[in-house]
>>> print(open('my_file28.txt').read())   # compact mmCIF, C-alpha atoms
# COMPACT_ATOMS: atom_id res chain seq x y z
CA MET A 3 64.87 -6.41 -62.05
CA HIS A 4 66.17 -6.10 -58.52
CA MET A 5 68.31 -3.20 -57.50
CA SER A 6 71.22 -4.29 -55.33
CA HIS A 7 72.16 -2.18 -52.36
CA ASP A 8 74.94 -2.19 -49.85
CA THR A 9 74.44 -0.71 -46.42
CA ALA A 10 77.32 -0.18 -44.02
CA LEU A 11 76.27 -1.16 -40.50
CA GLY A 12 79.43 -1.30 -38.44
CA ILE A 13 77.53 -2.58 -35.44
CA ASN A 14 78.57 -5.27 -33.02
CA LEU A 15 77.38 -8.76 -33.79
CA LEU A 16 76.12 -8.93 -30.22
CA HIS A 17 74.50 -5.50 -30.41
CA ALA A 18 71.07 -6.77 -29.35
CA ASN A 19 72.62 -8.50 -26.33
CA GLN A 20 74.62 -5.40 -25.40
CA GLU A 21 71.49 -3.25 -25.53
CA GLY A 22 69.78 -5.74 -23.24
CA ALA A 23 72.78 -5.63 -20.90
CA ALA A 24 72.68 -1.83 -20.81
CA HIS A 25 68.96 -1.97 -20.03
CA ASN A 26 69.59 -4.41 -17.18
CA GLN A 27 72.32 -2.21 -15.80
CA ALA A 28 70.09 0.86 -15.92
CA HIS A 29 67.55 -0.95 -13.74
CA LEU A 30 70.25 -2.18 -11.37
CA ASP A 31 71.56 1.37 -11.05
CA GLU A 32 68.10 2.74 -10.36
CA TRP A 33 67.63 0.18 -7.63
CA GLY A 34 71.10 0.89 -6.20
CA ILE A 35 72.22 -2.68 -6.82
CA THR A 36 75.76 -3.66 -7.75
CA CYS A 37 75.98 -6.75 -9.95
CA PHE A 38 78.92 -9.12 -10.26
CA ASN A 39 79.01 -11.73 -13.02
CA VAL A 40 80.75 -14.82 -11.62
CA MET A 41 82.29 -17.09 -14.24
CA SER A 42 84.57 -20.10 -14.46
CA SER A 43 84.87 -23.58 -15.90
CA PRO A 44 82.58 -26.23 -14.34
CA GLY A 45 83.82 -27.31 -10.92
CA ALA A 46 86.14 -24.39 -10.21
CA GLY A 47 84.08 -23.60 -7.12
CA LYS A 48 81.67 -20.79 -7.97
CA THR A 49 78.82 -22.19 -5.91
CA ALA A 50 81.08 -23.09 -2.98
CA LEU A 51 82.54 -19.58 -3.00
CA LEU A 52 79.07 -18.02 -3.03
CA GLU A 53 77.86 -20.32 -0.23
CA LYS A 54 80.62 -18.94 2.02
CA THR A 55 80.25 -15.40 0.77
CA LEU A 56 76.49 -15.19 1.31
CA VAL A 57 76.91 -16.29 4.93
CA ALA A 58 79.95 -14.10 5.62
CA LEU A 59 78.39 -10.92 4.20
CA HIS A 60 74.89 -11.61 5.43
CA ASP A 61 75.03 -9.07 8.25
CA SER A 62 76.50 -6.23 6.25
CA LEU A 63 74.85 -6.56 2.83
CA GLN A 64 71.50 -7.43 1.32
CA ILE A 65 72.32 -9.96 -1.39
CA ALA A 66 70.37 -11.90 -4.01
CA VAL A 67 71.64 -14.47 -6.50
CA ILE A 68 70.66 -15.13 -10.09
CA GLU A 69 71.77 -18.66 -10.75
CA GLY A 70 72.31 -20.01 -14.24
CA ASP A 71 72.44 -23.74 -14.70
CA MET A 72 71.87 -25.79 -17.79
CA THR A 73 69.22 -28.20 -16.55
CA THR A 74 68.99 -28.52 -12.77
CA GLU A 75 68.38 -26.37 -9.70
CA LEU A 76 71.03 -28.20 -7.67
CA ASP A 77 73.27 -25.14 -7.30
CA ALA A 78 70.32 -22.87 -6.57
CA ASP A 79 69.13 -25.24 -3.84
CA ARG A 80 72.59 -25.23 -2.27
CA LEU A 81 72.63 -21.44 -2.16
CA ARG A 82 69.08 -21.21 -0.79
CA GLN A 83 70.38 -22.88 2.40
CA SER A 84 71.92 -19.51 3.25
CA GLY A 85 68.47 -17.91 3.35
CA VAL A 86 69.31 -15.49 0.54
CA PRO A 87 66.82 -15.11 -2.37
CA VAL A 88 68.03 -17.23 -5.27
CA ILE A 89 66.45 -16.98 -8.70
CA ALA A 90 67.24 -20.02 -10.81
CA ILE A 91 67.46 -19.72 -14.57
CA ASN A 92 67.65 -22.92 -16.55
CA THR A 93 69.53 -22.05 -19.67
CA GLY A 94 68.55 -25.24 -21.47
CA ARG A 95 71.18 -26.00 -24.04
CA ALA A 96 72.70 -22.53 -23.92
CA CYS A 97 76.15 -22.67 -22.37
CA HIS A 98 76.07 -19.15 -20.93
CA LEU A 99 73.66 -16.58 -19.56
CA ASP A 100 72.75 -13.74 -21.87
CA ALA A 101 71.19 -10.36 -21.14
CA ARG A 102 67.69 -11.54 -21.97
CA MET A 103 67.84 -14.43 -19.50
CA VAL A 104 69.15 -12.16 -16.75
CA ALA A 105 66.40 -9.62 -17.56
CA GLY A 106 63.95 -12.46 -16.85
CA GLY A 107 65.71 -13.04 -13.52
CA LEU A 108 65.59 -9.34 -12.62
CA HIS A 109 61.93 -9.25 -13.53
CA ARG A 110 61.27 -12.06 -11.06
CA LEU A 111 63.36 -10.29 -8.43
CA GLN A 112 61.17 -7.23 -8.92
CA GLN A 113 57.95 -9.25 -8.77
CA ASP A 114 58.80 -11.25 -5.65
CA TYR A 115 60.83 -8.74 -3.63
CA ASP A 116 61.42 -5.05 -3.24
CA PRO A 117 64.49 -4.74 -5.46
CA ALA A 118 65.59 -1.47 -3.86
CA ARG A 119 66.34 -3.34 -0.63
CA PHE A 120 69.25 -5.20 -2.23
CA ASP A 121 72.84 -3.98 -2.32
CA LEU A 122 74.33 -6.73 -4.40
CA VAL A 123 73.31 -9.35 -6.95
CA PHE A 124 75.65 -12.16 -7.83
CA VAL A 125 74.98 -13.67 -11.24
CA GLU A 126 76.41 -17.19 -11.18
CA ASN A 127 77.03 -18.00 -14.81
CA VAL A 128 77.00 -21.41 -16.45
CA GLY A 129 80.27 -23.28 -15.96
CA ASN A 130 82.20 -22.52 -19.12
CA LEU A 131 85.49 -20.71 -19.76
CA VAL A 132 84.65 -19.62 -23.29
CA CYS A 133 81.25 -18.12 -24.09
CA PRO A 134 80.20 -16.23 -20.94
CA ALA A 135 83.14 -13.88 -21.49
CA GLU A 136 81.54 -12.47 -24.65
CA PHE A 137 77.97 -12.10 -23.38
CA GLU A 138 77.47 -9.16 -21.05
CA VAL A 139 74.47 -9.36 -18.78
CA GLY A 140 74.51 -5.88 -17.22
CA GLU A 141 77.17 -6.57 -14.60
CA HIS A 142 79.32 -3.86 -13.03
CA ALA A 143 82.29 -6.20 -12.77
CA LYS A 144 83.32 -9.63 -13.96
CA VAL A 145 84.67 -12.11 -11.44
CA ALA A 146 86.45 -15.16 -12.84
CA LEU A 147 87.59 -18.23 -10.94
CA LEU A 148 90.41 -20.55 -11.85
CA SER A 149 91.06 -23.57 -9.65
CA ILE A 150 94.67 -24.62 -9.36
CA THR A 151 93.73 -28.16 -10.39
CA GLU A 152 92.96 -26.80 -13.88
CA GLY A 153 96.62 -26.13 -14.57
CA GLU A 154 98.86 -23.17 -15.25
CA ASP A 155 98.16 -23.04 -18.97
CA LYS A 156 94.44 -22.25 -18.83
CA PRO A 157 94.80 -18.46 -18.92
CA LEU A 158 96.88 -18.88 -22.10
CA LYS A 159 94.35 -21.25 -23.68
CA TYR A 160 91.20 -19.35 -22.72
CA PRO A 161 92.54 -15.80 -22.81
CA ILE A 162 89.28 -13.89 -23.35
CA MET A 163 87.84 -14.82 -19.96
CA PHE A 164 91.04 -13.78 -18.21
CA ARG A 165 91.39 -10.63 -20.30
CA GLU A 166 87.85 -9.51 -19.42
CA ALA A 167 87.97 -10.30 -15.68
CA ASP A 168 88.11 -7.48 -13.15
CA CYS A 169 88.77 -9.85 -10.27
CA LEU A 170 90.36 -13.27 -10.61
CA LEU A 171 90.14 -15.78 -7.78
CA ILE A 172 92.60 -18.66 -7.84
CA THR A 173 90.65 -21.30 -5.93
CA LYS A 174 91.44 -24.55 -4.08
CA ILE A 175 94.90 -23.34 -3.06
CA ASP A 176 94.77 -25.77 -0.11
CA LEU A 177 95.46 -28.48 -2.72
CA ALA A 178 98.73 -26.88 -3.82
CA PRO A 179 100.95 -29.22 -1.76
CA TYR A 180 99.49 -32.23 -3.60
CA LEU A 181 99.88 -30.88 -7.12
CA ASP A 182 102.71 -30.16 -9.50
CA VAL A 183 101.42 -26.70 -10.10
CA ASP A 184 103.23 -23.41 -9.77
CA LEU A 185 101.00 -20.68 -8.34
CA ASN A 186 103.46 -18.01 -9.45
CA GLN A 187 103.33 -19.30 -12.99
CA ILE A 188 99.50 -19.15 -12.96
CA GLU A 189 99.69 -15.54 -11.81
CA ALA A 190 102.34 -14.70 -14.40
CA ASN A 191 100.22 -16.22 -17.18
CA ILE A 192 97.20 -14.20 -16.05
CA ARG A 193 99.26 -11.00 -15.80
CA GLN A 194 100.54 -11.46 -19.37
CA ILE A 195 96.97 -11.15 -20.59
CA ASN A 196 95.52 -8.79 -18.03
CA PRO A 197 98.04 -6.63 -16.16
CA THR A 198 95.46 -4.76 -14.10
CA VAL A 199 93.21 -7.57 -12.79
CA THR A 200 92.98 -8.09 -9.04
CA ILE A 201 94.24 -11.61 -8.30
CA ILE A 202 93.14 -13.23 -5.03
CA PRO A 203 94.26 -16.78 -4.18
CA VAL A 204 91.66 -18.45 -1.94
CA SER A 205 90.64 -21.71 -0.37
CA VAL A 206 86.97 -21.96 0.42
CA LYS A 207 87.75 -25.10 2.42
CA THR A 208 90.26 -23.52 4.82
CA GLY A 209 89.04 -19.93 4.48
CA ALA A 210 92.45 -18.72 3.31
CA GLY A 211 92.25 -15.51 1.31
CA LEU A 212 88.51 -15.10 1.71
CA GLU A 213 88.87 -11.91 3.75
CA HIS A 214 90.62 -10.32 0.76
CA TRP A 215 87.75 -11.40 -1.49
CA TYR A 216 85.16 -9.91 0.88
CA GLU A 217 87.16 -6.69 0.99
CA TRP A 218 87.21 -6.59 -2.81
CA VAL A 219 83.42 -7.09 -2.91
CA LYS A 220 82.82 -4.25 -0.45
CA ALA A 221 85.31 -1.93 -2.15
CA ASN A 222 83.63 -2.44 -5.52
CA LEU A 223 80.05 -1.71 -4.48
CA HIS A 224 78.36 1.26 -6.05
CA HIS A 225 77.10 3.25 -3.15
CA ASP A 226 74.56 5.40 -4.95
CA ARG A 227 71.14 4.71 -3.58
CA PRO A 228 68.07 5.12 -5.76
CA SER A 229 66.72 8.64 -5.93
CA SER A 230 63.46 7.86 -7.70
CA THR A 231 61.16 4.94 -8.30
CA PRO A 232 62.09 3.29 -11.59
CA ASP A 233 59.63 1.93 -14.11
CA PRO A 234 59.04 -1.76 -13.75
CA ILE A 235 60.86 -4.06 -16.17
CA SER A 236 58.15 -5.03 -18.60
CA PRO A 237 57.62 -8.74 -19.15
CA ALA A 238 57.83 -8.05 -22.89
CA LEU A 239 61.32 -6.61 -22.55
CA ALA A 240 62.36 -9.47 -20.34
CA GLN A 241 61.54 -11.78 -23.21
CA PHE A 242 62.82 -9.75 -26.14
CA MET B 22 78.88 -25.33 -29.72
CA HIS B 23 78.38 -21.77 -28.59
CA GLU B 24 78.38 -20.44 -32.15
CA THR B 25 74.73 -21.54 -32.20
CA ASP B 26 73.98 -18.90 -29.58
CA MET B 27 76.35 -16.42 -31.16
CA THR B 28 74.41 -16.89 -34.41
CA LYS B 29 71.10 -16.38 -32.63
CA ALA B 30 72.46 -13.11 -31.25
CA LEU B 31 73.65 -12.14 -34.72
CA ILE B 32 70.27 -12.90 -36.28
CA ILE B 33 68.46 -10.86 -33.61
CA THR B 34 70.77 -7.93 -34.29
CA ILE B 35 70.19 -8.16 -38.06
CA ARG B 36 66.45 -8.55 -37.52
CA ASP B 37 66.39 -5.34 -35.48
CA TRP B 38 67.97 -3.54 -38.45
CA TRP B 39 65.69 -5.27 -40.97
CA GLU B 40 62.55 -4.40 -39.02
CA SER B 41 63.64 -0.77 -38.87
CA GLN B 42 63.68 -0.61 -42.68
CA PRO B 43 60.43 0.68 -44.18
CA LYS B 44 60.49 -1.80 -47.08
CA ARG B 45 61.78 -4.94 -45.37
CA PRO B 46 64.39 -5.70 -48.04
CA LYS B 47 65.61 -9.13 -49.10
CA ILE B 48 69.03 -9.59 -47.53
CA THR B 49 71.49 -11.35 -49.85
CA LYS B 50 74.81 -11.07 -48.04
CA VAL B 51 75.93 -10.36 -44.51
CA HIS B 52 79.55 -9.27 -44.14
CA LEU B 53 81.12 -9.90 -40.74
CA ILE B 54 84.47 -8.92 -39.34
CA VAL B 55 85.56 -11.45 -36.74
CA GLY B 56 88.78 -10.99 -34.80
CA GLN B 57 91.02 -13.91 -34.01
CA PHE B 58 91.02 -12.90 -30.34
CA THR B 59 87.33 -13.64 -29.80
CA CYS B 60 85.40 -16.73 -28.79
CA VAL B 61 84.10 -17.23 -32.32
CA GLU B 62 85.16 -19.96 -34.70
CA PRO B 63 84.27 -18.79 -38.23
CA VAL B 64 83.62 -22.29 -39.63
CA SER B 65 81.17 -23.09 -36.84
CA LEU B 66 79.53 -19.70 -37.20
CA GLN B 67 79.08 -20.27 -40.94
CA PHE B 68 77.53 -23.68 -40.33
CA ALA B 69 75.20 -22.40 -37.61
CA PHE B 70 74.16 -19.43 -39.77
CA ASP B 71 73.31 -21.59 -42.79
CA THR B 72 71.22 -23.87 -40.57
CA GLN B 73 69.42 -21.22 -38.58
CA ILE B 74 68.35 -18.89 -41.36
CA ARG B 75 66.22 -21.47 -43.15
CA GLN B 76 62.65 -20.24 -43.51
CA THR B 77 63.40 -16.95 -41.83
CA PHE B 78 63.68 -13.43 -43.27
CA LEU B 79 67.33 -14.29 -43.97
CA ASP B 80 66.62 -17.41 -46.02
CA GLY B 81 69.07 -17.62 -48.92
CA ALA B 82 71.48 -15.04 -47.51
CA THR B 83 75.22 -15.71 -47.55
CA LEU B 84 77.52 -15.04 -44.64
CA VAL B 85 80.91 -13.61 -45.57
CA ILE B 86 83.43 -13.60 -42.73
CA GLN B 87 86.59 -11.55 -42.80
CA GLU B 88 89.03 -12.48 -40.06
CA THR B 89 91.33 -9.93 -38.46
CA PRO B 90 94.58 -10.90 -36.74
CA LEU B 91 95.46 -10.20 -33.12
CA ILE B 92 97.71 -7.16 -33.07
CA ALA B 93 98.87 -5.56 -29.84
CA PHE B 94 100.78 -2.37 -29.17
CA CYS B 95 103.67 -2.31 -26.75
CA HIS B 96 104.06 1.10 -25.10
CA PRO B 97 107.62 0.69 -23.81
CA CYS B 98 108.80 -0.46 -27.26
CA GLN B 99 106.43 1.89 -29.11
CA GLN B 100 105.65 -0.79 -31.67
CA GLU B 101 103.02 -3.29 -32.67
CA TYR B 102 103.48 -7.02 -32.26
CA HIS B 103 101.56 -10.21 -32.99
CA PRO B 104 100.87 -12.21 -29.82
CA GLU B 105 100.78 -15.98 -30.30
CA ILE B 106 97.32 -17.03 -29.16
CA GLY B 107 97.51 -19.92 -26.71
CA MET B 108 101.25 -19.43 -26.17
CA GLN B 109 102.54 -15.95 -25.56
CA TYR B 110 100.73 -12.65 -25.11
CA ALA B 111 103.47 -10.47 -23.65
CA CYS B 112 105.69 -8.36 -25.89
CA PRO B 113 108.33 -10.67 -27.41
CA ASN B 114 110.88 -7.87 -27.14
CA CYS B 115 110.52 -6.53 -23.59
CA ARG B 116 108.01 -8.97 -21.99
CA SER B 117 105.54 -6.23 -21.12
CA PRO B 118 102.05 -7.68 -20.67
CA LEU B 119 99.30 -7.43 -23.26
CA GLU B 120 97.79 -3.98 -22.83
CA ASP B 121 96.44 -2.23 -25.90
CA ILE B 122 94.79 -4.46 -28.46
CA ARG B 123 94.79 -2.78 -31.85
CA SER B 124 93.05 -5.56 -33.74
CA GLY B 125 91.58 -8.98 -33.10
CA ARG B 126 88.64 -8.23 -30.76
CA GLU B 127 86.22 -7.33 -33.56
CA LEU B 128 82.82 -8.98 -33.68
CA LYS B 129 81.23 -6.68 -36.14
CA ILE B 130 78.52 -6.70 -38.75
CA ASP B 131 80.39 -4.62 -41.29
CA ARG B 132 77.74 -4.29 -43.99
CA ILE B 133 74.66 -5.88 -45.48
CA GLU B 134 73.87 -6.39 -49.16
CA TRP B 135 70.19 -6.41 -50.02
CA GLU B 136 67.65 -6.16 -52.79
CA GLU B 137 64.26 -4.54 -52.83
CA GLN B 138 61.50 -7.07 -52.47
CA PRO B 139 59.24 -7.48 -55.49
CA ILE B 140 55.91 -5.83 -54.70
CA CYS B 141 53.15 -8.39 -54.50
CA THR B 142 49.61 -7.19 -54.99
>>> encode(input="my_file28.txt", output="structure tokens")
Amino acid sequence: MHMSHDTALGINLLHANQEGAAHNQAHLDEWGITCFNVMSSPGAGKTALLEKTLVALHDSLQIAVIEGDMTTELDADRLRQSGVPVIAINTGRACHLDARMVAGGLHRLQQDYDPARFDLVFVENVGNLVCPAEFEVGEHAKVALLSITEGEDKPLKYPIMFREADCLLITKIDLAPYLDVDLNQIEANIRQINPTVTIIPVSVKTGAGLEHWYEWVKANLHHDRPSSTPDPISPALAQF
Amino acid sequence: MHETDMTKALIITIRDWWESQPKRPKITKVHLIVGQFTCVEPVSLQFAFDTQIRQTFLDGATLVIQETPLIAFCHPCQQEYHPEIGMQYACPNCRSPLEDIRSGRELKIDRIEWEEQPICT
């Protein structure tokens, strides 16, 4: 006869991922690297934004990119034009990056470069407004993009992403004159869900608003430099 | 369908617990609490779970999902309210934005039912 038992766990369903994210962040902190997780739907302009940002901040910051894409390295190749180290992660069928995948990226960063020389790592997530919001990767802040062509209702329909974001860029504002879209309504819908998020309207094409974005990046860097040499990320952990 | 990945994450979390148990018990039921203000669709999660546990340590286990509603607390009004997901998140009374979420963000493994494995010699 089998004895039945009932054990209360009360742990998060994504506990294993959160532990991995905390591990990633511990390494980033030891190396003195700030990490921003950049998320949006496909085509909102994450790669275009990073292309501009990498060039604009090149003189003041040491930056690397961990680039998640489902099958190709097209985005990674675009970003490599800037001369910045880009580590491509093909997520296969997974529609988001998780902590384990980013640990693999950090491991490669450590193998190929001196990680302590970097100030900032952008993680460009897979284009998707739903899942990336629930999977932490060790980032210090979440940056979400919403292009005005997506419509005013998207923050209401995909609230988790907008709730979780620390910085929200409304992109492609140069197209506003051609669209029946109300920028104020977009902002109001975002504010309903997240009253404290920093909202920055930008156009990568014209450069409008980008200075504010660069200021936000610089203001949100963690300035602590590493005080000791951290243990290397073990390949085993990178693959847990 | 991102519930496939969500389920993978869930199974890894349960496996971590299972491997920490000295006797590696047979898990019969996994009770989840899933908030309505998460990216998880319970039906898809159930389907993905049933598919993914075949021939694993969880084979034969049942997933029981309890959903919790989205409940927010409005500070100016000092009362709880139920935001309408997809429509309206601000307080219906005073239009203050969604600040404190009291319920609805849960993604929790509440408890696990298990039996001791028969000892094979």
>>> residues_around(input="my_file28.txt", residues="Ala143 of chain A", least_positions_apart="6", cutoff="12 Å", atoms="all atoms listed in the file", output="count of residues only")
25
>>> atom_distance(input="my_file28.txt", atom1="atom CA of Val64 of chain B", atom2="atom CA of Ile32 of chain B")
16.7 Å
>>> closest_residue(input="my_file28.txt", among="A:His109, A:Lys207, A:His17, A:His142", to="chain B", atoms="all atoms listed in the file")
A:His17
>>> interface_residues(input="my_file28.txt", of="chain B", to="chain A", cutoff="10 Å", atoms="all atoms listed in the file", output="PyMOL selection string")
chain B and resi 22-38+46-55+58-61+105-112+116-120+126-139
>>> residues_around(input="my_file28.txt", residues="segment 69-72 of chain B", least_positions_apart="2", cutoff="8 Å", atoms="only C-alpha atoms", output="count of residues only")
10
>>> atom_distance(input="my_file28.txt", atom1="atom CA of Ile188 of chain A", atom2="atom CA of Val206 of chain A")
18.5 Å
>>> decode(input="my_file28.txt", residues="segment 78-90 of chain B", atoms="N, CA and C atoms", output="PDB file, in the first residue's frame")
ATOM      1  N   PHE B  78       9.974  11.576 -14.905  1.00  0.00           N
ATOM      2  CA  PHE B  78       9.705  11.285 -13.495  1.00  0.00           C
ATOM      3  C   PHE B  78       8.291  11.711 -13.104  1.00  0.00           C
ATOM      4  N   LEU B  79       7.651  12.533 -13.953  1.00  0.00           N
ATOM      5  CA  LEU B  79       6.303  13.016 -13.642  1.00  0.00           C
ATOM      6  C   LEU B  79       5.214  12.216 -14.348  1.00  0.00           C
ATOM      7  N   ASP B  80       5.599  11.181 -15.066  1.00  0.00           N
ATOM      8  CA  ASP B  80       4.633  10.414 -15.855  1.00  0.00           C
ATOM      9  C   ASP B  80       3.446   9.995 -14.983  1.00  0.00           C
ATOM     10  N   GLY B  81       2.242  10.282 -15.456  1.00  0.00           N
ATOM     11  CA  GLY B  81       1.038   9.898 -14.723  1.00  0.00           C
ATOM     12  C   GLY B  81       0.540  10.962 -13.753  1.00  0.00           C
ATOM     13  N   ALA B  82       1.317  11.997 -13.545  1.00  0.00           N
ATOM     14  CA  ALA B  82       0.901  13.044 -12.599  1.00  0.00           C
ATOM     15  C   ALA B  82      -0.190  13.920 -13.214  1.00  0.00           C
ATOM     16  N   THR B  83      -1.053  14.447 -12.353  1.00  0.00           N
ATOM     17  CA  THR B  83      -2.121  15.337 -12.808  1.00  0.00           C
ATOM     18  C   THR B  83      -1.777  16.762 -12.409  1.00  0.00           C
ATOM     19  N   LEU B  84      -2.113  17.699 -13.316  1.00  0.00           N
ATOM     20  CA  LEU B  84      -1.906  19.105 -13.004  1.00  0.00           C
ATOM     21  C   LEU B  84      -3.250  19.711 -12.612  1.00  0.00           C
ATOM     22  N   VAL B  85      -3.291  20.327 -11.447  1.00  0.00           N
ATOM     23  CA  VAL B  85      -4.516  20.972 -10.984  1.00  0.00           C
ATOM     24  C   VAL B  85      -4.236  22.475 -10.909  1.00  0.00           C
ATOM     25  N   ILE B  86      -4.989  23.243 -11.687  1.00  0.00           N
ATOM     26  CA  ILE B  86      -4.713  24.680 -11.748  1.00  0.00           C
ATOM     27  C   ILE B  86      -5.847  25.462 -11.098  1.00  0.00           C
ATOM     28  N   GLN B  87      -5.475  26.252 -10.109  1.00  0.00           N
ATOM     29  CA  GLN B  87      -6.453  27.151  -9.489  1.00  0.00           C
ATOM     30  C   GLN B  87      -6.161  28.566  -9.969  1.00  0.00           C
ATOM     31  N   GLU B  88      -7.154  29.187 -10.587  1.00  0.00           N
ATOM     32  CA  GLU B  88      -6.947  30.538 -11.094  1.00  0.00           C
ATOM     33  C   GLU B  88      -7.326  31.569 -10.039  1.00  0.00           C
ATOM     34  N   THR B  89      -6.564  32.660  -9.998  1.00  0.00           N
ATOM     35  CA  THR B  89      -6.907  33.750  -9.078  1.00  0.00           C
ATOM     36  C   THR B  89      -7.215  35.010  -9.895  1.00  0.00           C
ATOM     37  N   PRO B  90      -8.215  35.752  -9.487  1.00  0.00           N
ATOM     38  CA  PRO B  90      -8.620  36.934 -10.260  1.00  0.00           C
ATOM     39  C   PRO B  90      -7.661  38.099 -10.061  1.00  0.00           C
TER      40      PRO B  90
END
